[in-house]
file run37.csv (CSV, C-alpha atoms and all ligand atoms)
chain,number,residue,atom,x,y,z
H,268,MET,CA,9.5,17.4,2.4
H,269,SER,CA,7.1,14.6,1.2
H,270,GLU,CA,7.9,11.0,1.7
H,271,LEU,CA,6.3,7.8,0.5
H,272,PHE,CA,6.4,5.0,3.1
H,273,ILE,CA,5.7,1.4,2.7
H,274,LYS,CA,5.3,-0.6,5.9
H,275,ASN,CA,5.1,-4.4,6.2
H,276,LEU,CA,3.4,-4.7,2.8
H,277,HIS,CA,2.0,-8.1,2.0
H,278,VAL,CA,0.4,-8.7,-1.4
H,279,SER,CA,-1.2,-11.7,-3.0
H,280,VAL,CA,-1.9,-12.5,-6.6
H,281,GLU,CA,-4.7,-15.0,-7.2
H,282,GLY,CA,-4.5,-16.2,-3.7
H,283,LYS,CA,-0.7,-16.7,-3.7
H,284,GLU,CA,1.4,-14.4,-1.4
H,285,ILE,CA,4.1,-12.6,-3.4
H,286,LEU,CA,5.1,-9.8,-1.2
H,287,LYS,CA,5.8,-10.9,2.3
H,288,GLY,CA,6.5,-7.8,4.3
H,289,VAL,CA,8.2,-5.0,2.4
H,290,ASP,CA,9.4,-1.9,4.3
H,291,LEU,CA,10.7,1.1,2.4
H,292,THR,CA,10.7,4.9,2.6
H,293,VAL,CA,11.5,7.1,-0.3
H,294,LYS,CA,11.9,10.9,0.3
H,295,GLN,CA,11.9,13.7,-2.2
H,296,GLY,CA,15.4,14.2,-3.5
H,297,GLU,CA,16.4,10.6,-3.0
H,298,ILE,CA,17.0,8.0,-5.7
H,299,HIS,CA,16.4,4.4,-4.6
H,300,ALA,CA,16.9,1.3,-6.8
H,301,ILE,CA,15.3,-2.0,-6.1
H,302,MET,CA,17.1,-4.9,-7.8
H,303,GLY,CA,16.6,-8.6,-7.6
H,304,PRO,CA,16.4,-11.8,-9.6
H,305,ASN,CA,13.3,-12.4,-11.8
H,306,GLY,CA,10.2,-13.5,-10.0
H,307,THR,CA,11.0,-12.0,-6.6
H,308,GLY,CA,8.1,-9.6,-6.6
H,309,LYS,CA,9.6,-6.3,-7.9
H,310,SER,CA,6.8,-5.7,-10.5
H,311,THR,CA,4.3,-6.8,-8.0
H,312,LEU,CA,5.4,-3.9,-5.8
H,313,ALA,CA,5.2,-1.5,-8.7
H,314,TYR,CA,1.7,-2.7,-9.7
H,315,THR,CA,0.5,-2.5,-6.1
H,316,LEU,CA,1.7,1.1,-5.8
H,317,MET,CA,-0.1,1.8,-9.0
H,318,GLY,CA,-3.3,0.4,-7.6
H,319,HIS,CA,-3.7,-2.5,-10.1
H,320,PRO,CA,-6.9,-4.4,-9.1
H,321,ARG,CA,-5.3,-7.8,-9.5
H,322,TYR,CA,-2.9,-7.2,-6.6
H,323,GLU,CA,-4.5,-7.8,-3.3
H,324,VAL,CA,-3.0,-6.1,-0.2
H,325,THR,CA,-3.5,-8.5,2.7
H,326,GLU,CA,-1.5,-6.6,5.3
H,327,GLY,CA,0.6,-3.4,5.7
H,328,GLU,CA,0.4,0.3,4.8
H,329,VAL,CA,1.4,2.7,2.1
H,330,GLY,CA,1.3,6.4,3.1
H,331,PHE,CA,2.0,9.7,1.3
H,332,LYS,CA,1.3,13.2,2.5
H,333,GLY,CA,-0.9,11.9,5.3
H,334,GLN,CA,-3.0,9.8,3.0
H,335,ASN,CA,-3.6,6.1,2.9
H,336,VAL,CA,-2.4,5.5,-0.7
H,337,LEU,CA,-4.0,2.1,-0.9
H,338,GLU,CA,-7.4,3.6,-0.6
H,339,LEU,CA,-6.9,6.0,-3.5
H,340,GLU,CA,-7.7,5.4,-7.2
H,341,ALA,CA,-4.8,5.5,-9.6
H,342,ASP,CA,-5.7,9.1,-10.8
H,343,GLU,CA,-6.0,10.3,-7.2
H,344,ARG,CA,-2.5,8.9,-6.5
H,345,SER,CA,-1.2,10.8,-9.5
H,346,ARG,CA,-2.9,14.1,-8.5
H,347,LEU,CA,-1.4,13.7,-5.1
H,348,GLY,CA,2.1,13.9,-6.6
H,349,LEU,CA,3.0,10.2,-7.2
H,350,PHE,CA,4.0,9.3,-10.6
H,351,LEU,CA,3.6,5.7,-11.6
H,352,ALA,CA,5.0,4.7,-14.9
H,353,PHE,CA,2.9,2.5,-17.2
H,354,GLN,CA,-0.2,4.2,-15.8
H,355,TYR,CA,-1.4,4.9,-19.3
H,356,PRO,CA,0.2,2.1,-21.4
H,357,VAL,CA,-2.6,2.0,-23.9
H,358,ALA,CA,-2.6,3.7,-27.3
H,359,ILE,CA,-5.0,6.6,-27.5
H,360,PRO,CA,-5.5,7.3,-31.2
H,361,GLY,CA,-6.8,10.8,-31.8
H,362,VAL,CA,-5.2,12.2,-28.6
H,363,SER,CA,-1.8,13.8,-29.2
H,364,VAL,CA,1.0,13.5,-26.7
H,365,ALA,CA,0.7,17.3,-26.1
H,366,ASN,CA,-3.0,17.2,-25.5
H,367,PHE,CA,-2.7,14.3,-23.2
H,368,LEU,CA,0.0,16.0,-21.2
H,369,ARG,CA,-1.9,19.2,-20.9
H,370,THR,CA,-5.0,17.4,-19.7
H,371,ALA,CA,-3.0,15.4,-17.2
H,372,LEU,CA,-1.2,18.6,-16.0
H,373,ASN,CA,-4.5,20.5,-15.6
H,374,ALA,CA,-6.0,17.7,-13.6
H,375,ARG,CA,-3.0,17.8,-11.3
H,376,ARG,CA,-3.2,21.6,-10.9
H,377,ARG,CA,-6.9,21.5,-10.1
H,378,ALA,CA,-6.1,18.9,-7.4
H,379,VAL,CA,-3.8,21.4,-5.8
H,380,ASN,CA,-6.1,24.4,-6.4
H,381,PRO,CA,-9.8,23.7,-7.4
H,382,GLU,CA,-10.0,27.3,-8.8
H,383,ASP,CA,-7.2,26.7,-11.3
H,384,ASN,CA,-8.3,27.4,-14.8
H,385,GLY,CA,-5.6,25.3,-16.4
H,386,VAL,CA,-2.3,26.3,-17.9
H,387,PRO,CA,-2.6,28.8,-20.7
H,388,ILE,CA,-1.8,27.2,-24.0
H,389,PRO,CA,1.1,29.5,-25.0
H,390,GLU,CA,2.7,28.9,-21.6
H,391,PHE,CA,2.1,25.1,-21.9
H,392,ARG,CA,3.8,25.2,-25.4
H,393,ARG,CA,6.8,27.0,-24.0
H,394,MET,CA,7.1,24.6,-21.1
H,395,LEU,CA,6.7,21.5,-23.3
H,396,LYS,CA,9.3,22.8,-25.8
H,397,GLU,CA,11.8,23.5,-22.9
H,398,GLU,CA,11.2,20.0,-21.4
H,399,MET,CA,11.5,18.3,-24.8
H,400,GLY,CA,14.8,20.2,-25.3
H,401,LEU,CA,16.1,19.1,-22.0
H,402,LEU,CA,15.2,15.5,-22.8
H,403,LYS,CA,16.7,15.9,-26.3
H,404,MET,CA,13.4,15.0,-28.0
H,405,ASP,CA,12.3,15.7,-31.5
H,406,PRO,CA,9.6,18.5,-31.3
H,407,ASN,CA,7.4,16.5,-33.8
H,408,PHE,CA,6.9,13.9,-31.1
H,409,ALA,CA,4.4,16.2,-29.2
H,410,GLY,CA,2.0,16.1,-32.2
H,411,ARG,CA,1.9,12.3,-32.5
H,412,TYR,CA,-1.0,10.3,-31.1
H,413,LEU,CA,-0.1,8.8,-27.7
H,414,ASN,CA,1.5,5.4,-27.9
H,415,ASP,CA,-0.1,4.8,-31.3
H,416,GLY,CA,2.5,2.8,-33.1
H,417,PHE,CA,5.2,3.9,-30.7
H,418,SER,CA,8.4,1.8,-30.5
H,419,GLY,CA,9.6,0.6,-27.1
H,420,GLY,CA,12.0,3.5,-27.0
H,421,GLU,CA,9.3,6.1,-27.9
H,422,LYS,CA,7.0,4.7,-25.2
H,423,LYS,CA,9.8,5.3,-22.8
H,424,ARG,CA,10.3,8.8,-24.0
H,425,ALA,CA,6.6,9.5,-23.7
H,426,GLU,CA,6.7,8.3,-20.1
H,427,ILE,CA,9.7,10.4,-19.2
H,428,LEU,CA,8.1,13.4,-20.9
H,429,GLN,CA,5.0,12.8,-18.8
H,430,MET,CA,7.1,12.8,-15.7
H,431,ALA,CA,8.8,16.0,-16.7
H,432,THR,CA,5.5,17.7,-17.3
H,433,LEU,CA,3.7,16.5,-14.2
H,434,LYS,CA,6.6,17.2,-11.9
H,435,PRO,CA,5.7,14.5,-9.4
H,436,GLU,CA,7.2,14.5,-5.9
H,437,ILE,CA,7.8,10.8,-6.0
H,438,ALA,CA,8.2,8.7,-9.2
H,439,ILE,CA,8.2,5.0,-9.5
H,440,LEU,CA,9.6,3.4,-12.6
H,441,ASP,CA,9.5,-0.3,-13.2
H,442,GLU,CA,11.8,-1.5,-16.0
H,443,THR,CA,9.7,-4.6,-16.3
H,444,ASP,CA,10.1,-5.2,-20.0
H,445,SER,CA,12.8,-7.7,-20.7
H,446,GLY,CA,12.7,-6.5,-24.3
H,447,LEU,CA,14.2,-3.1,-23.4
H,448,ASP,CA,17.3,-2.6,-25.5
H,449,ILE,CA,20.3,-0.6,-24.5
H,450,ASP,CA,18.9,2.5,-26.3
H,451,ALA,CA,15.7,2.4,-24.3
H,452,LEU,CA,17.7,2.0,-21.1
H,453,ARG,CA,19.7,5.1,-22.0
H,454,ILE,CA,16.6,7.0,-22.7
H,455,VAL,CA,15.3,6.2,-19.3
H,456,ALA,CA,18.6,6.9,-17.6
H,457,ASP,CA,19.2,10.2,-19.4
H,458,GLY,CA,15.6,11.3,-18.6
H,459,VAL,CA,15.9,10.4,-15.0
H,460,ASN,CA,19.3,12.2,-14.7
H,461,ALA,CA,17.9,15.3,-16.4
H,462,LEU,CA,14.9,15.4,-14.0
H,463,THR,CA,16.5,14.5,-10.6
H,464,GLY,CA,17.0,17.1,-8.0
H,465,PRO,CA,15.8,18.1,-4.5
H,466,GLU,CA,12.1,18.1,-5.6
H,467,LEU,CA,12.0,14.6,-7.0
H,468,GLY,CA,12.2,11.3,-5.2
H,469,MET,CA,12.6,8.2,-7.3
H,470,LEU,CA,12.1,4.5,-7.0
H,471,VAL,CA,13.7,2.7,-9.9
H,472,ILE,CA,12.9,-1.0,-10.0
H,473,THR,CA,15.1,-3.0,-12.3
H,474,HIS,CA,16.7,-6.3,-12.9
H,475,TYR,CA,19.2,-4.7,-15.2
H,476,GLN,CA,22.3,-4.0,-13.3
H,477,ARG,CA,23.6,-2.1,-16.3
H,478,LEU,CA,20.9,0.6,-15.8
H,479,LEU,CA,22.8,1.6,-12.7
H,480,ASN,CA,25.8,2.3,-14.8
H,481,TYR,CA,23.8,5.3,-16.0
H,482,ILE,CA,21.7,6.2,-13.0
H,483,LYS,CA,23.4,6.8,-9.8
H,484,PRO,CA,21.1,5.8,-6.9
H,485,HIS,CA,21.7,7.0,-3.4
H,486,PHE,CA,20.3,3.8,-2.0
H,487,VAL,CA,20.2,0.2,-3.4
H,488,HIS,CA,17.9,-2.5,-2.1
H,489,ILE,CA,17.9,-6.2,-3.0
H,490,MET,CA,14.6,-8.0,-3.2
H,491,LEU,CA,14.4,-11.7,-2.7
H,492,ASN,CA,11.3,-13.8,-2.4
H,493,GLY,CA,9.0,-10.9,-1.7
H,494,ARG,CA,11.2,-9.1,0.9
H,495,ILE,CA,13.9,-6.5,0.8
H,496,VAL,CA,16.8,-8.5,2.3
H,497,GLU,CA,19.7,-6.1,1.8
H,498,SER,CA,19.9,-2.3,1.7
H,499,GLY,CA,23.0,-0.2,1.1
H,500,GLY,CA,24.6,2.4,-1.0
H,501,PRO,CA,25.8,2.3,-4.7
H,502,ASP,CA,28.5,-0.2,-3.7
H,503,LEU,CA,25.8,-2.8,-3.3
H,504,ALA,CA,24.9,-2.5,-7.0
H,505,LEU,CA,28.6,-2.8,-7.8
H,506,ASN,CA,28.9,-5.9,-5.7
H,507,LEU,CA,25.9,-7.4,-7.6
H,508,GLU,CA,27.5,-6.6,-10.9
H,509,GLN,CA,30.7,-8.4,-9.9
H,510,HIS,CA,29.3,-11.3,-8.0
H,511,GLY,CA,25.7,-11.7,-9.2
H,512,TYR,CA,22.9,-12.8,-6.9
H,513,ASP,CA,24.2,-16.1,-5.7
H,514,TRP,CA,25.7,-14.8,-2.5
H,515,VAL,CA,22.3,-13.2,-1.7
H,516,ARG,CA,20.5,-16.5,-2.3
H,517,GLU,CA,23.0,-18.3,-0.1
H,518,LYS,CA,22.7,-15.8,2.7
H,519,TYR,CA,18.8,-15.8,2.6
H,520,GLU,CA,16.7,-18.8,2.0
H,521,ASN,CA,13.1,-17.9,1.1
H,522,GLY,CA,14.0,-14.3,1.9
H,523,VAL,CA,15.0,-15.1,5.4
H,524,ALA,CA,18.5,-15.0,6.8
H,525,VAL,CA,20.1,-18.4,7.3
E,1,LIG,P1,9.8,-9.6,-10.7
E,1,LIG,O1,9.2,-8.3,-11.2
E,1,LIG,O2,10.7,-9.5,-9.6
E,1,LIG,O3,10.4,-10.4,-11.8
E,1,LIG,P2,7.0,-10.3,-10.4
E,1,LIG,O4,6.4,-9.4,-9.4
E,1,LIG,O5,6.6,-10.0,-11.8
E,1,LIG,O6,8.5,-10.5,-10.2
E,1,LIG,O7,6.4,-11.8,-10.0
E,1,LIG,C1,6.6,-12.3,-8.8
E,1,LIG,C2,5.8,-13.6,-8.7
E,1,LIG,O8,4.4,-13.3,-8.8
E,1,LIG,C3,6.1,-14.6,-9.8
E,1,LIG,O9,6.2,-15.9,-9.3
E,1,LIG,C4,5.0,-14.5,-10.8
E,1,LIG,O10,4.7,-15.6,-11.5
E,1,LIG,C5,3.8,-14.1,-9.9
E,1,LIG,N1,2.9,-13.2,-10.5
E,1,LIG,C6,3.1,-11.9,-10.8
E,1,LIG,N2,2.0,-11.3,-11.4
E,1,LIG,C7,1.2,-12.3,-11.6
E,1,LIG,C8,-0.1,-12.4,-12.1
E,1,LIG,N3,-0.7,-11.3,-12.7
E,1,LIG,N4,-0.8,-13.6,-12.1
E,1,LIG,C9,-0.2,-14.7,-11.5
E,1,LIG,N5,1.0,-14.7,-11.0
E,1,LIG,C10,1.7,-13.5,-11.0
E,2,MG,MG,9.4,-7.3,-13.1

call {"tool": "encode", "arguments": {"input": "run37.csv", "output": "structure tokens"}}
result
Amino acid sequence: MSELFIKNLHVSVEGKEILKGVDLTVKQGEIHAIMGPNGTGKSTLAYTLMGHPRYEVTEGEVGFKGQNVLELEADERSRLGLFLAFQYPVAIPGVSVANFLRTALNARRRAVNPEDNGVPIPEFRRMLKEEMGLLKMDPNFAGRYLNDGFSGGEKKRAEILQMATLKPEIAILDETDSGLDIDALRIVADGVNALTGPELGMLVITHYQRLLNYIKPHFVHIMLNGRIVESGGPDLALNLEQHGYDWVREKYENGVAV
């Protein structure tokens, strides 16, 4: 059973400390949601886990499968079984979604077994067809160039399909884009629900309470001023929906209990 652990993580952006000691463990099979008001550091956590060079870790640890994740390149993190959404946000004209996915899958297989010759194309086609069916995607999508002229919703679909193909042990999704409409939210939620199970651990970062109307997390965490200040079950999300964040802000000043 793999688990991703984050211990006392401190992260600065351009010399300003944003994360001030985050502790969190996500195990395979568990769905965790991190919620919090804007500007509290949720995306900073996601970018740090992705290995974005702009985010400087000043203290703390991130570990997965006995490895120090913070020392790994983004592609090494992926091959190890971590899935980080928005890893490939750029358009790649000339590379179809299917080709991109097959290349990524083969890289992951070779990381597990260096002798691996890659997935045979007919088998890959079958697999992709099955996954696209599961995600209720139009089969033509696989032939389109990755992210080239994709709508917000299509980018989300590509991301979820990537997750379905790579079968990560832990996936981290940041619903960072405030432009996400209700359809895109549903795509994410339906995809997540189709893929969850004992093999997949998930960290869903969102400021949309309504996303949690569709995804049922086992654990909910509230981030405030760079720290996780409250953790609980799904009832915590319900509480936020009913009462907003004011009670959290009143209880914790600068992320510290008062
Ligand atoms: P959230 O995702 O919770 O809304 P963010 O992690 O995006 O919060 O931002 C947390 C704080 O870090 C904000 O004050 C934001 O202005 C600052 N910040 C985040 N990324 C950058 C960046 N690339 N450059 C400068 N400041 C940043
Ligand atoms: Mg954000």

call {"tool": "residues_around", "arguments": {"input": "run37.csv", "residues": "segment 495-505 of chain H", "least_positions_apart": "2", "cutoff": "10 Å", "atoms": "all atoms listed in the file", "output": "VMD selection string"}}
result
chain H and resid 286 to 291 299 to 303 307 to 309 476 to 477 479 to 480 483 to 493 507 to 511 515 to 516 518 to 519 522 to 524

call {"tool": "atom_distance", "arguments": {"input": "run37.csv", "atom1": "atom CA of Asn335 of chain H", "atom2": "atom O10 of ligand LIG 1 (chain E)"}}
result
27.3 Å

call {"tool": "residues_near_ligand", "arguments": {"input": "run37.csv", "ligand": "ligand LIG 1 (chain E)", "cutoff": "7 Å", "atoms": "all atoms listed in the file", "output": "PDB file with C-alpha atoms, in the coordinates of the input"}}
result
ATOM      1  CA  VAL H 280      -1.900 -12.500  -6.600  1.00  0.00           C
ATOM      2  CA  GLU H 281      -4.700 -15.000  -7.200  1.00  0.00           C
ATOM      3  CA  ILE H 285       4.100 -12.600  -3.400  1.00  0.00           C
ATOM      4  CA  GLY H 303      16.600  -8.600  -7.600  1.00  0.00           C
ATOM      5  CA  PRO H 304      16.400 -11.800  -9.600  1.00  0.00           C
ATOM      6  CA  ASN H 305      13.300 -12.400 -11.800  1.00  0.00           C
ATOM      7  CA  GLY H 306      10.200 -13.500 -10.000  1.00  0.00           C
ATOM      8  CA  THR H 307      11.000 -12.000  -6.600  1.00  0.00           C
ATOM      9  CA  GLY H 308       8.100  -9.600  -6.600  1.00  0.00           C
ATOM     10  CA  LYS H 309       9.600  -6.300  -7.900  1.00  0.00           C
ATOM     11  CA  SER H 310       6.800  -5.700 -10.500  1.00  0.00           C
ATOM     12  CA  THR H 311       4.300  -6.800  -8.000  1.00  0.00           C
ATOM     13  CA  LEU H 312       5.400  -3.900  -5.800  1.00  0.00           C
ATOM     14  CA  ARG H 321      -5.300  -7.800  -9.500  1.00  0.00           C
ATOM     15  CA  THR H 443       9.700  -4.600 -16.300  1.00  0.00           C
TER      16      THR H 443
END

call {"tool": "residues_around", "arguments": {"input": "run37.csv", "residues": "segment 390-400 of chain H", "least_positions_apart": "6", "cutoff": "8 Å", "atoms": "all atoms listed in the file", "output": "CSV table (one decimal) with C-alpha atoms, keeping the file's coordinate frame"}}
result
chain,number,residue,atom,x,y,z
H,365,ALA,CA,0.7,17.3,-26.1
H,369,ARG,CA,-1.9,19.2,-20.9
H,406,PRO,CA,9.6,18.5,-31.3
H,428,LEU,CA,8.1,13.4,-20.9
H,431,ALA,CA,8.8,16.0,-16.7
H,432,THR,CA,5.5,17.7,-17.3

call {"tool": "closest_residue", "arguments": {"input": "run37.csv", "among": "H:Thr315, H:Asn506, H:Asn366, H:Thr463", "to": "Ala438 of chain H", "atoms": "all atoms listed in the file"}}
result
H:Thr463

call {"tool": "residues_near_point", "arguments": {"input": "run37.csv", "point": "(4.8, 10.1, -7.3)", "cutoff": "9 Å", "atoms": "all atoms listed in the file", "output": "ChimeraX atom specification"}}
result
/H:271,344-351,434-439,467-469

call {"tool": "closest_residue", "arguments": {"input": "run37.csv", "among": "H:Ile273, H:Ile472, H:Met317, H:Met430", "to": "ligand MG 2 (chain E)", "atoms": "only C-alpha atoms and all ligand atoms"}}
result
H:Ile472

call {"tool": "closest_residue", "arguments": {"input": "run37.csv", "among": "H:Gly458, H:Gly282, H:Gly330, H:Pro389", "to": "Tyr481 of chain H", "atoms": "only C-alpha atoms"}}
result
H:Gly458

call {"tool": "closest_residue", "arguments": {"input": "run37.csv", "among": "H:Leu478, H:Leu440, H:Leu452, H:Leu402", "to": "ligand MG 2 (chain E)", "atoms": "only C-alpha atoms and all ligand atoms"}}
result
H:Leu440

call {"tool": "residues_around", "arguments": {"input": "run37.csv", "residues": "Glu326 of chain H", "least_positions_apart": "2", "cutoff": "10 Å", "atoms": "only C-alpha atoms", "output": "list of chain:residue names"}}
result
H:Lys274, H:Asn275, H:Leu276, H:His277, H:Val278, H:Ser279, H:Leu286, H:Lys287, H:Gly288, H:Glu323, H:Val324, H:Glu328

call {"tool": "atom_distance", "arguments": {"input": "run37.csv", "atom1": "atom CA of Gly464 of chain H", "atom2": "atom CA of Ile482 of chain H"}}
result
12.9 Å

call {"tool": "residues_around", "arguments": {"input": "run37.csv", "residues": "Glu421 of chain H", "least_positions_apart": "4", "cutoff": "10 Å", "atoms": "only C-alpha atoms", "output": "PyMOL selection string"}}
result
chain H and resi 404+408+413-414+416-417+425-427+451+454

call {"tool": "atom_distance", "arguments": {"input": "run37.csv", "atom1": "atom CA of Leu470 of chain H", "atom2": "atom CA of Lys332 of chain H"}}
result
16.8 Å

call {"tool": "closest_residue", "arguments": {"input": "run37.csv", "among": "H:Asp513, H:Glu520, H:Glu297, H:Asp441", "to": "ligand MG 2 (chain E)", "atoms": "only C-alpha atoms and all ligand atoms"}}
result
H:Asp441
